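File shown: start.tsv (TSV, C-alpha atoms (C1' of nucleotides)).
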```tsv
chain	number	residue	atom	x	y	z
A	1	MET	CA	0.00	0.00	0.00
A	2	THR	CA	1.76	3.11	-1.25
A	3	ASP	CA	-1.14	5.46	-0.81
A	4	SER	CA	-0.68	7.52	2.32
A	5	ARG	CA	-4.39	8.22	2.58
A	6	GLN	CA	-6.15	5.33	4.15
A	7	THR	CA	-9.71	4.65	3.23
A	8	ALA	CA	-12.18	1.87	3.63
A	9	THR	CA	-10.67	0.31	0.55
A	10	SER	CA	-7.29	-0.29	2.16
A	11	VAL	CA	-8.93	-2.94	4.25
A	12	GLY	CA	-6.11	-5.42	4.34
A	13	ASP	CA	-3.67	-2.89	5.63
A	14	SER	CA	-4.27	-3.33	9.31
A	15	LEU	CA	-0.78	-2.26	10.31
A	16	LEU	CA	-0.98	1.09	8.60
A	17	PHE	CA	-4.55	1.32	9.70
A	18	LEU	CA	-3.79	1.49	13.38
A	19	THR	CA	-0.98	4.01	13.40
A	20	ASP	CA	-0.84	6.40	16.28
A	21	GLU	CA	-1.68	9.15	13.85
A	22	GLN	CA	-4.89	7.41	12.84
A	23	LEU	CA	-5.84	6.89	16.45
A	24	ARG	CA	-5.04	10.46	17.33
A	25	GLN	CA	-7.30	11.65	14.56
A	26	GLY	CA	-9.96	9.37	15.93
A	27	SER	CA	-9.79	10.97	19.35
A	28	GLU	CA	-9.82	14.45	17.90
A	29	ALA	CA	-12.85	13.52	15.83
A	30	MET	CA	-14.56	12.33	19.01
A	31	PHE	CA	-13.71	15.56	20.78
A	32	PHE	CA	-14.94	17.91	18.06
A	33	ALA	CA	-17.97	15.81	17.21
A	34	TYR	CA	-19.12	15.62	20.81
A	35	ARG	CA	-19.02	19.39	20.96
A	36	GLY	CA	-21.28	19.57	17.94
A	37	PHE	CA	-23.46	16.84	19.35
A	38	THR	CA	-24.26	18.81	22.51
A	39	ALA	CA	-24.24	22.31	21.01
A	40	ASP	CA	-27.89	22.55	19.94
A	41	PRO	CA	-29.56	21.25	23.10
A	42	ASP	CA	-27.12	23.34	25.15
A	43	ARG	CA	-28.46	26.49	23.53
A	44	ILE	CA	-32.03	25.58	24.42
A	45	LEU	CA	-31.10	24.61	27.95
A	46	ALA	CA	-29.24	27.87	28.50
A	47	GLU	CA	-32.48	29.77	27.75
A	48	MET	CA	-34.16	28.18	30.73
A	49	SER	CA	-31.06	28.00	32.94
A	50	TYR	CA	-30.83	24.26	32.85
A	51	GLY	CA	-27.66	22.36	32.04
A	52	ARG	CA	-26.58	19.19	30.37
A	53	ALA	CA	-27.27	17.26	33.54
A	54	HIS	CA	-30.94	18.16	33.30
A	55	HIS	CA	-31.01	17.10	29.69
A	56	ARG	CA	-29.52	13.72	30.50
A	57	ALA	CA	-32.00	13.10	33.29
A	58	ILE	CA	-34.94	14.12	31.13
A	59	HIS	CA	-33.70	12.03	28.25
A	60	PHE	CA	-33.36	8.81	30.18
A	61	ILE	CA	-36.56	9.27	32.15
A	62	GLY	CA	-38.36	9.82	28.87
A	63	ARG	CA	-36.68	6.80	27.45
A	64	ALA	CA	-37.49	4.46	30.33
A	65	PRO	CA	-40.60	5.81	32.07
A	66	GLY	CA	-41.04	4.52	35.59
A	67	THR	CA	-37.35	3.96	36.09
A	68	THR	CA	-36.12	4.14	39.67
A	69	VAL	CA	-33.64	6.67	40.99
A	70	ASN	CA	-31.07	3.97	41.51
A	71	ASN	CA	-31.44	2.75	37.98
A	72	LEU	CA	-31.01	6.25	36.65
A	73	LEU	CA	-27.94	6.64	38.86
A	74	THR	CA	-26.32	3.64	37.23
A	75	ILE	CA	-27.07	4.82	33.74
A	76	LEU	CA	-25.84	8.34	34.31
A	77	GLY	CA	-22.83	7.34	36.37
A	78	VAL	CA	-23.06	10.15	38.90
A	79	THR	CA	-23.60	10.26	42.65
A	80	LYS	CA	-27.08	10.32	44.06
A	81	GLN	CA	-26.42	13.73	45.59
A	82	SER	CA	-25.55	15.12	42.20
A	83	LEU	CA	-28.55	13.55	40.53
A	84	ASN	CA	-30.83	14.50	43.37
A	85	ARG	CA	-30.09	18.18	42.98
A	86	VAL	CA	-31.03	18.03	39.32
A	87	LEU	CA	-34.04	15.84	39.94
A	88	ARG	CA	-35.34	18.10	42.66
A	89	THR	CA	-35.40	21.13	40.40
A	90	LEU	CA	-37.08	19.12	37.67
A	91	VAL	CA	-39.78	17.93	40.08
A	92	GLU	CA	-40.20	21.45	41.51
A	93	ASP	CA	-40.53	22.87	38.03
A	94	GLY	CA	-43.17	20.29	37.20
A	95	LEU	CA	-41.25	18.50	34.48
A	96	VAL	CA	-40.78	15.22	36.30
A	97	ASP	CA	-43.14	13.24	38.46
A	98	SER	CA	-41.72	11.12	41.27
A	99	ARG	CA	-44.08	8.36	42.36
A	100	VAL	CA	-43.66	6.04	45.32
A	101	GLY	CA	-43.32	2.45	44.16
A	102	ARG	CA	-46.28	0.11	44.54
A	103	ALA	CA	-44.37	-3.11	45.07
A	104	ASP	CA	-41.48	-1.56	46.97
A	105	ARG	CA	-42.51	1.70	48.47
A	106	ARG	CA	-38.96	2.82	49.16
A	107	GLU	CA	-38.41	3.23	45.47
A	108	ARG	CA	-39.39	6.29	43.50
A	109	HIS	CA	-40.55	5.78	39.96
A	110	LEU	CA	-39.83	8.66	37.65
A	111	HIS	CA	-42.03	9.87	34.82
A	112	LEU	CA	-42.09	12.95	32.65
A	113	THR	CA	-45.08	15.22	33.04
A	114	GLU	CA	-46.75	16.76	30.03
A	115	ARG	CA	-44.42	19.73	30.25
A	116	GLY	CA	-41.45	17.45	30.75
A	117	ARG	CA	-42.34	15.53	27.64
A	118	ALA	CA	-42.62	18.79	25.73
A	119	LEU	CA	-39.12	19.86	26.75
A	120	GLU	CA	-37.76	16.41	26.02
A	121	GLN	CA	-39.24	16.64	22.55
A	122	ARG	CA	-37.78	20.04	21.95
A	123	LEU	CA	-34.32	19.00	23.09
A	124	SER	CA	-34.20	15.74	21.25
A	125	ASP	CA	-35.62	17.32	18.12
A	126	ALA	CA	-32.70	19.70	18.11
A	127	GLN	CA	-30.21	16.94	18.71
A	128	ARG	CA	-31.79	14.58	16.24
A	129	ALA	CA	-31.81	17.21	13.52
A	130	ARG	CA	-28.04	17.36	13.60
A	131	LEU	CA	-27.69	13.63	13.86
A	132	ARG	CA	-30.10	13.12	11.02
A	133	ALA	CA	-28.15	15.53	8.82
A	134	ALA	CA	-24.88	13.81	9.69
A	135	PHE	CA	-26.35	10.36	9.09
A	136	ARG	CA	-27.74	11.43	5.74
A	137	GLU	CA	-24.50	12.96	4.67
A	138	ALA	CA	-22.44	9.97	5.70
A	139	GLY	CA	-24.81	7.29	4.43
A	140	PRO	CA	-26.20	4.09	5.94
A	141	GLU	CA	-23.03	2.03	5.81
A	142	ALA	CA	-21.09	4.77	7.56
A	143	VAL	CA	-23.75	4.91	10.23
A	144	ALA	CA	-23.52	1.19	10.82
A	145	GLY	CA	-19.75	1.57	11.24
A	146	PHE	CA	-20.20	4.55	13.49
A	147	ARG	CA	-22.46	2.54	15.75
A	148	ARG	CA	-20.18	-0.46	15.76
A	149	VAL	CA	-17.14	1.58	16.80
A	150	LEU	CA	-19.03	3.47	19.49
A	151	GLU	CA	-20.36	0.27	20.97
A	152	ALA	CA	-16.88	-1.18	21.09
A	153	MET	CA	-15.66	1.95	22.82
A	154	MET	CA	-18.05	1.70	25.76
A	155	ASP	CA	-17.26	0.21	29.12
A	156	PRO	CA	-18.94	-3.18	29.47
A	157	GLU	CA	-21.51	-1.91	31.98
A	158	MET	CA	-22.36	0.99	29.72
A	159	GLN	CA	-22.67	-1.39	26.84
A	160	ALA	CA	-25.17	-3.36	28.92
A	161	SER	CA	-27.20	-0.25	29.71
A	162	TYR	CA	-27.11	0.75	26.08
A	163	THR	CA	-28.27	-2.64	24.86
A	164	LYS	CA	-31.01	-2.78	27.43
A	165	LEU	CA	-32.35	0.60	26.44
A	166	ARG	CA	-32.11	-0.31	22.80
A	167	GLU	CA	-34.15	-3.43	23.34
A	168	ALA	CA	-36.71	-1.57	25.40
A	169	GLY	CA	-37.01	1.01	22.65
A	170	GLN	CA	-38.12	-1.83	20.34
B	1	MET	CA	-34.86	16.70	2.00
B	2	THR	CA	-34.18	14.50	-0.97
B	3	ASP	CA	-31.27	12.22	-0.39
B	4	SER	CA	-29.68	10.11	-3.05
B	5	ARG	CA	-27.36	8.11	-0.85
B	6	GLN	CA	-30.15	6.86	1.29
B	7	THR	CA	-32.44	5.75	-1.46
B	8	ALA	CA	-29.45	4.14	-3.10
B	9	THR	CA	-29.62	1.25	-0.67
B	10	SER	CA	-33.29	0.51	-0.54
B	11	VAL	CA	-36.48	2.31	0.25
B	12	GLY	CA	-37.40	0.04	3.10
B	13	ASP	CA	-33.99	0.44	4.68
B	14	SER	CA	-33.98	4.17	4.36
B	15	LEU	CA	-37.22	4.47	6.23
B	16	LEU	CA	-35.92	2.44	9.08
B	17	PHE	CA	-32.59	4.14	8.82
B	18	LEU	CA	-33.70	7.56	9.91
B	19	THR	CA	-36.43	6.77	12.38
B	20	ASP	CA	-36.44	8.69	15.60
B	21	GLU	CA	-35.62	5.44	17.32
B	22	GLN	CA	-32.49	5.01	15.24
B	23	LEU	CA	-31.44	8.56	15.92
B	24	ARG	CA	-32.11	8.19	19.60
B	25	GLN	CA	-29.93	5.12	19.71
B	26	GLY	CA	-27.29	7.14	17.94
B	27	SER	CA	-27.30	9.81	20.61
B	28	GLU	CA	-27.24	7.28	23.38
B	29	ALA	CA	-24.30	5.58	21.71
B	30	MET	CA	-22.50	8.92	21.62
B	31	PHE	CA	-23.22	9.50	25.29
B	32	PHE	CA	-22.02	6.13	26.52
B	33	ALA	CA	-19.08	5.97	24.17
B	34	TYR	CA	-17.82	9.40	25.16
B	35	ARG	CA	-17.84	8.26	28.75
B	36	GLY	CA	-15.67	5.32	27.83
B	37	PHE	CA	-13.50	7.50	25.68
B	38	THR	CA	-12.56	9.79	28.56
B	39	ALA	CA	-12.56	7.22	31.36
B	40	ASP	CA	-8.94	6.04	31.11
B	41	PRO	CA	-7.20	9.42	30.89
B	42	ASP	CA	-9.53	10.68	33.62
B	43	ARG	CA	-8.17	8.07	35.99
B	44	ILE	CA	-4.59	9.12	35.31
B	45	LEU	CA	-5.43	12.80	35.63
B	46	ALA	CA	-7.19	12.26	38.94
B	47	GLU	CA	-3.95	10.83	40.37
B	48	MET	CA	-2.22	14.16	39.85
B	49	SER	CA	-5.24	16.36	40.51
B	50	TYR	CA	-5.56	17.53	36.97
B	51	GLY	CA	-8.77	17.49	35.00
B	52	ARG	CA	-9.99	17.01	31.50
B	53	ALA	CA	-9.26	20.64	30.74
B	54	HIS	CA	-5.55	20.02	31.38
B	55	HIS	CA	-5.67	16.99	29.16
B	56	ARG	CA	-7.17	18.92	26.29
B	57	ALA	CA	-4.61	21.70	26.58
B	58	ILE	CA	-1.74	19.24	26.73
B	59	HIS	CA	-3.11	17.27	23.84
B	60	PHE	CA	-3.45	20.18	21.46
B	61	ILE	CA	-0.17	21.79	22.46
B	62	GLY	CA	1.54	18.49	21.81
B	63	ARG	CA	-0.28	18.21	18.55
B	64	ALA	CA	0.60	21.68	17.30
B	65	PRO	CA	3.78	22.77	19.07
B	66	GLY	CA	4.37	26.50	19.04
B	67	THR	CA	0.67	27.27	18.79
B	68	THR	CA	-0.42	30.61	20.20
B	69	VAL	CA	-2.80	31.09	23.08
B	70	ASN	CA	-5.42	32.54	20.78
B	71	ASN	CA	-5.20	29.61	18.44
B	72	LEU	CA	-5.62	27.19	21.31
B	73	LEU	CA	-8.58	29.21	22.52
B	74	THR	CA	-10.32	28.75	19.19
B	75	ILE	CA	-9.66	25.05	19.08
B	76	LEU	CA	-10.83	24.43	22.62
B	77	GLY	CA	-13.79	26.77	22.45
B	78	VAL	CA	-13.41	28.21	25.94
B	79	THR	CA	-12.76	31.68	27.29
B	80	LYS	CA	-9.24	32.94	27.79
B	81	GLN	CA	-9.85	33.18	31.54
B	82	SER	CA	-10.76	29.55	31.65
B	83	LEU	CA	-7.82	28.46	29.55
B	84	ASN	CA	-5.47	30.74	31.39
B	85	ARG	CA	-6.21	29.12	34.70
B	86	VAL	CA	-5.30	25.74	33.29
B	87	LEU	CA	-2.32	27.00	31.34
B	88	ARG	CA	-0.91	28.77	34.36
B	89	THR	CA	-0.82	25.62	36.44
B	90	LEU	CA	0.73	23.68	33.57
B	91	VAL	CA	3.48	26.28	33.18
B	92	GLU	CA	4.02	26.45	36.95
B	93	ASP	CA	4.26	22.68	37.10
B	94	GLY	CA	6.82	22.69	34.33
B	95	LEU	CA	4.78	20.77	31.78
B	96	VAL	CA	4.31	23.59	29.31
B	97	ASP	CA	6.73	26.24	28.13
B	98	SER	CA	5.37	29.65	27.12
B	99	ARG	CA	7.72	31.56	24.84
B	100	VAL	CA	7.39	35.13	23.62
B	101	GLY	CA	6.93	35.25	19.85
B	102	ARG	CA	9.85	36.29	17.64
B	103	ALA	CA	7.89	37.96	14.86
B	104	ASP	CA	5.11	39.27	17.07
B	105	ARG	CA	6.21	39.64	20.64
B	106	ARG	CA	2.65	39.96	21.93
B	107	GLU	CA	2.06	36.32	21.16
B	108	ARG	CA	3.03	33.43	23.40
B	109	HIS	CA	4.03	30.23	21.70
B	110	LEU	CA	3.30	27.11	23.64
B	111	HIS	CA	5.41	23.97	23.77
B	112	LEU	CA	5.43	20.88	25.91
B	113	THR	CA	8.47	20.42	28.11
B	114	GLU	CA	10.09	17.02	28.49
B	115	ARG	CA	7.81	16.29	31.43
B	116	GLY	CA	4.84	17.61	29.51
B	117	ARG	CA	5.59	15.30	26.65
B	118	ALA	CA	5.86	12.41	29.06
B	119	LEU	CA	2.43	13.07	30.52
B	120	GLU	CA	0.96	13.60	27.07
B	121	GLN	CA	2.33	10.22	26.06
B	122	ARG	CA	0.92	8.54	29.09
B	123	LEU	CA	-2.51	10.04	28.60
B	124	SER	CA	-2.74	9.41	24.91
B	125	ASP	CA	-1.40	5.90	25.31
B	126	ALA	CA	-4.28	5.16	27.64
B	127	GLN	CA	-6.80	6.69	25.32
B	128	ARG	CA	-5.34	5.16	22.21
B	129	ALA	CA	-5.38	1.70	23.76
B	130	ARG	CA	-9.13	1.81	24.07
B	131	LEU	CA	-9.56	3.33	20.66
B	132	ARG	CA	-7.25	0.77	19.13
B	133	ALA	CA	-9.21	-2.06	20.70
B	134	ALA	CA	-12.49	-0.58	19.50
B	135	PHE	CA	-11.14	-0.01	15.99
B	136	ARG	CA	-9.84	-3.56	15.82
B	137	GLU	CA	-13.07	-5.01	17.03
B	138	ALA	CA	-15.18	-2.98	14.64
B	139	GLY	CA	-12.96	-3.31	11.60
B	140	PRO	CA	-11.61	-0.86	9.04
B	141	GLU	CA	-14.84	-0.17	7.17
B	142	ALA	CA	-16.62	0.57	10.41
B	143	VAL	CA	-13.83	2.97	11.35
B	144	ALA	CA	-14.14	4.78	8.05
B	145	GLY	CA	-17.85	5.15	8.66
B	146	PHE	CA	-17.26	6.23	12.22
B	147	ARG	CA	-14.98	8.99	11.02
B	148	ARG	CA	-17.33	10.07	8.29
B	149	VAL	CA	-20.27	10.42	10.65
B	150	LEU	CA	-18.25	12.27	13.29
B	151	GLU	CA	-16.96	14.73	10.73
B	152	ALA	CA	-20.47	15.40	9.51
B	153	MET	CA	-21.55	15.98	13.08
B	154	MET	CA	-19.06	18.78	13.77
B	155	ASP	CA	-19.77	22.46	13.53
B	156	PRO	CA	-18.16	23.89	10.39
B	157	GLU	CA	-15.47	25.77	12.35
B	158	MET	CA	-14.62	22.65	14.30
B	159	GLN	CA	-14.46	20.73	11.07
B	160	ALA	CA	-11.96	23.30	9.84
B	161	SER	CA	-9.83	22.95	12.97
B	162	TYR	CA	-10.01	19.20	12.69
B	163	THR	CA	-8.96	19.16	9.06
B	164	LYS	CA	-6.15	21.59	9.72
B	165	LEU	CA	-4.77	19.48	12.53
B	166	ARG	CA	-5.15	16.36	10.45
B	167	GLU	CA	-3.15	17.87	7.64
B	168	ALA	CA	-0.49	19.13	10.01
B	169	GLY	CA	-0.27	15.62	11.48
B	170	GLN	CA	1.31	14.48	8.25
C	1	DT	C1'	-36.73	-6.51	66.23
C	2	DT	C1'	-32.80	-5.59	63.96
C	3	DG	C1'	-29.98	-4.98	59.91
C	4	DG	C1'	-29.66	-3.43	55.42
C	5	DA	C1'	-31.32	-1.28	51.17
C	6	DG	C1'	-33.28	2.67	48.81
C	7	DT	C1'	-33.85	7.28	49.13
C	8	DG	C1'	-33.51	12.11	50.49
C	9	DT	C1'	-31.06	15.93	52.47
C	10	DC	C1'	-27.54	18.98	54.55
C	11	DA	C1'	-22.95	20.83	54.36
C	12	DA	C1'	-18.71	21.66	52.32
C	13	DC	C1'	-15.70	21.65	48.62
C	14	DA	C1'	-13.43	21.58	43.79
C	15	DA	C1'	-13.11	21.84	38.80
C	16	DG	C1'	-14.06	24.33	35.17
C	17	DG	C1'	-17.18	26.84	32.65
C	18	DC	C1'	-18.91	31.94	32.34
C	19	DT	C1'	-19.01	37.49	32.38
C	20	DG	C1'	-17.05	41.95	33.19
C	21	DA	C1'	-13.42	45.00	34.03
C	22	DC	C1'	-8.95	46.40	33.73
C	23	DA	C1'	-3.69	46.30	32.74
C	24	DT	C1'	0.13	45.81	29.76
C	25	DA	C1'	2.90	45.47	25.82
C	26	DA	C1'	3.37	45.35	21.15
C	27	DA	C1'	1.90	46.23	16.68
C	28	DC	C1'	-0.50	48.78	13.39
C	29	DT	C1'	-2.45	53.06	11.30
C	30	DG	C1'	-3.19	57.65	10.08
D	1	DC	C1'	4.12	60.70	16.95
D	2	DA	C1'	-0.64	59.75	18.74
D	3	DG	C1'	-4.20	56.81	18.92
D	4	DT	C1'	-6.24	52.31	18.16
D	5	DT	C1'	-6.23	47.55	17.91
D	6	DT	C1'	-4.53	43.02	19.16
D	7	DA	C1'	-2.75	39.40	22.25
D	8	DT	C1'	-2.36	38.21	26.57
D	9	DG	C1'	-2.87	38.08	31.51
D	10	DT	C1'	-5.32	38.78	35.76
D	11	DC	C1'	-8.78	39.91	39.42
D	12	DA	C1'	-13.32	39.17	41.14
D	13	DG	C1'	-17.48	36.91	41.21
D	14	DC	C1'	-21.01	33.70	39.65
D	15	DC	C1'	-23.00	29.11	38.03
D	16	DT	C1'	-23.34	24.15	37.13
D	17	DT	C1'	-22.14	19.87	38.20
D	18	DG	C1'	-19.29	16.79	40.01
D	19	DT	C1'	-17.29	14.94	44.64
D	20	DT	C1'	-17.32	13.14	50.09
D	21	DG	C1'	-19.17	12.57	54.44
D	22	DA	C1'	-22.79	12.37	57.70
D	23	DC	C1'	-27.30	11.48	59.00
D	24	DA	C1'	-32.38	10.41	58.89
D	25	DC	C1'	-36.29	7.96	57.34
D	26	DT	C1'	-38.94	4.19	55.45
D	27	DC	C1'	-39.58	-0.20	54.45
D	28	DC	C1'	-38.31	-5.14	53.62
D	29	DA	C1'	-36.59	-9.39	55.08
D	30	DA	C1'	-34.38	-12.46	58.19
```
Could you spell out this file's structure in structure tokens?
Amino acid sequence: MTDSRQTATSVGDSLLFLTDEQLRQGSEAMFFAYRGFTADPDRILAEMSYGRAHHRAIHFIGRAPGTTVNNLLTILGVTKQSLNRVLRTLVEDGLVDSRVGRADRRERHLHLTERGRALEQRLSDAQRARLRAAFREAGPEAVAGFRRVLEAMMDPEMQASYTKLREAGQ
Amino acid sequence: MTDSRQTATSVGDSLLFLTDEQLRQGSEAMFFAYRGFTADPDRILAEMSYGRAHHRAIHFIGRAPGTTVNNLLTILGVTKQSLNRVLRTLVEDGLVDSRVGRADRRERHLHLTERGRALEQRLSDAQRARLRAAFREAGPEAVAGFRRVLEAMMDPEMQASYTKLREAGQ
DNA sequence: TTGGAGTGTCAACAAGGCTGACATAAACTG
DNA sequence: CAGTTTATGTCAGCCTTGTTGACACTCCAA
């Protein structure tokens, strides 16, 4: 392989493929892309003085309605104190509903209210618009690769959470 | 709204391809993968009471030695006050060298010291190890797709920074 | 009844964003 | 030369979001 530019066609060239330079470009791509990924929702959140932490909570509550606090804690990977602060403001502001569990009444089951669902929609619409544009531009095969690499990049527990949510989603 | 690439595969696929569910899974994949992506360097940084901000500064100084403060500011997308705080500790700790510019003596050109380079190596080794494993597992075509999607996801200015760094890389 | 799990809350703290204001030196411009 | 702009640094203060530690309460199960 004499071509210095590696593409999907230089498949057999696994040695060249995993140069430090290639990997470095991969991490820079992750860094810049993540910035873009969060930029649009961040703008909306700033309007209402919420932060990314609120977005994450809203997202995963919307995704798995009735989830317990502990479950959410595991998914988000933060301390309960940190989550609780965010959750409290969301409940106070009437975006999230915290219901005592029927089977185990120590647990709190979290649901989005009507207003919570509306904000979730607005945030994820913004985020999805960018993702949709990127997916379109890159094409279906690229998206499949994108997903495969990201999955391989996750910690095993995160991978489990991800798979579980994916299955629940249908 | 009309997309040739998508319809190129098949109509049935393309419908499924851009469902909200697919996009939602994409954003969740980004979320979980980014956590994994930063986890290893974070552990090293915690040892020496540095944070992700230090990592980013060290990374991009190592990547573009002699870069100016302003240039770094643009790449990182933070305020000068925020960067300055980080930069100051790095200079104090002897990891970064700040040299007055020859042509324009208002500018400061940033370089990693020997110790700075050592830490950069250690951090990027940790990060690259995970990336390398993920790339191997997913395969070259997946990596190409991964890169294509991430590039399409960036803001245009970030895409410019990314491309510039990539070209400088070799 | 006692221990442990799930949850909530208080307090304190740190990192790392932000804004605004101001200082300095150097470079540029008329 | 005088005035303006640019690049950088710094002080002060604020916010979000993460952390630990301590403690209380409720409920379940042994």
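Distances from B:Ala144, B:Leu131, B:Leu83, B:Leu73 to chain C were compared using only C-alpha atoms (C1' of nucleotides), and the smallest one belongs to B:Leu83.
Within 10 Å of chain A, and counting all atoms listed in the file, chain C contributes DA5, DG6, DT7, DG8 and DT9 of chain C.
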Select residues of chain D: the criterion is any atom within 8 Å of an atom of chain B, counting only C-alpha atoms (C1' of nucleotides); output as an MDAnalysis selection string. chainID D and resid 7:9
Expected residue set, 12 Å radius at (-29.2, -4.8, 59.5), all atoms listed in the file, as a ChimeraX atom specification: /C:1-5 /D:28-30
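Remark: for chain A, the closest of the candidate residues B:Ala57, B:Leu119, B:Ala142, B:Val78 is B:Ala142 (distances computed over all atoms listed in the file).
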Proximal residues of chain A relative to chain B (only C-alpha atoms; 7 Å) as a ChimeraX atom specification: /A:7-8,11,18,23,25,29-30,32-33,36-37,128,130-132,134-155,158,166
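For the pair atom CA of A:His55 and atom CA of B:Ser49, the interatomic distance is 28.0 Å.
Taking atom C1' of C:DT19 and atom CA of B:Ile58 as endpoints, the distance between them is 25.8 Å.
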Kindly complete stretch 81-96 of chain A to N, CA and C atoms; the output should be written as a tab-separated table (two decimals), in the frame of the given file.
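Final output, saved to result16.tsv:
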```
chain	number	residue	atom	x	y	z
A	81	GLN	N	-26.31	12.33	45.18
A	81	GLN	CA	-26.42	13.73	45.59
A	81	GLN	C	-26.48	14.65	44.38
A	82	SER	N	-25.63	14.31	43.41
A	82	SER	CA	-25.55	15.12	42.20
A	82	SER	C	-26.85	15.00	41.40
A	83	LEU	N	-27.30	13.77	41.26
A	83	LEU	CA	-28.55	13.55	40.53
A	83	LEU	C	-29.72	14.17	41.27
A	84	ASN	N	-29.69	14.04	42.58
A	84	ASN	CA	-30.83	14.50	43.37
A	84	ASN	C	-31.07	15.99	43.21
A	85	ARG	N	-29.98	16.74	43.15
A	85	ARG	CA	-30.09	18.18	42.98
A	85	ARG	C	-30.82	18.52	41.69
A	86	VAL	N	-30.41	17.83	40.62
A	86	VAL	CA	-31.03	18.03	39.32
A	86	VAL	C	-32.49	17.59	39.34
A	87	LEU	N	-32.70	16.41	39.90
A	87	LEU	CA	-34.04	15.84	39.94
A	87	LEU	C	-35.00	16.71	40.73
A	88	ARG	N	-34.50	17.27	41.81
A	88	ARG	CA	-35.34	18.10	42.66
A	88	ARG	C	-35.86	19.31	41.90
A	89	THR	N	-34.94	19.96	41.17
A	89	THR	CA	-35.40	21.13	40.40
A	89	THR	C	-36.39	20.72	39.32
A	90	LEU	N	-36.18	19.56	38.73
A	90	LEU	CA	-37.08	19.12	37.67
A	90	LEU	C	-38.47	18.81	38.24
A	91	VAL	N	-38.50	18.22	39.44
A	91	VAL	CA	-39.78	17.93	40.08
A	91	VAL	C	-40.46	19.24	40.49
A	92	GLU	N	-39.67	20.14	41.11
A	92	GLU	CA	-40.20	21.45	41.51
A	92	GLU	C	-40.79	22.21	40.32
A	93	ASP	N	-40.09	22.13	39.21
A	93	ASP	CA	-40.53	22.87	38.03
A	93	ASP	C	-41.63	22.13	37.27
A	94	GLY	N	-42.04	21.00	37.80
A	94	GLY	CA	-43.17	20.29	37.20
A	94	GLY	C	-42.86	19.62	35.87
A	95	LEU	N	-41.60	19.20	35.71
A	95	LEU	CA	-41.25	18.50	34.48
A	95	LEU	C	-41.18	16.99	34.71
A	96	VAL	N	-40.93	16.63	35.96
A	96	VAL	CA	-40.78	15.22	36.30
A	96	VAL	C	-41.70	14.91	37.47
```
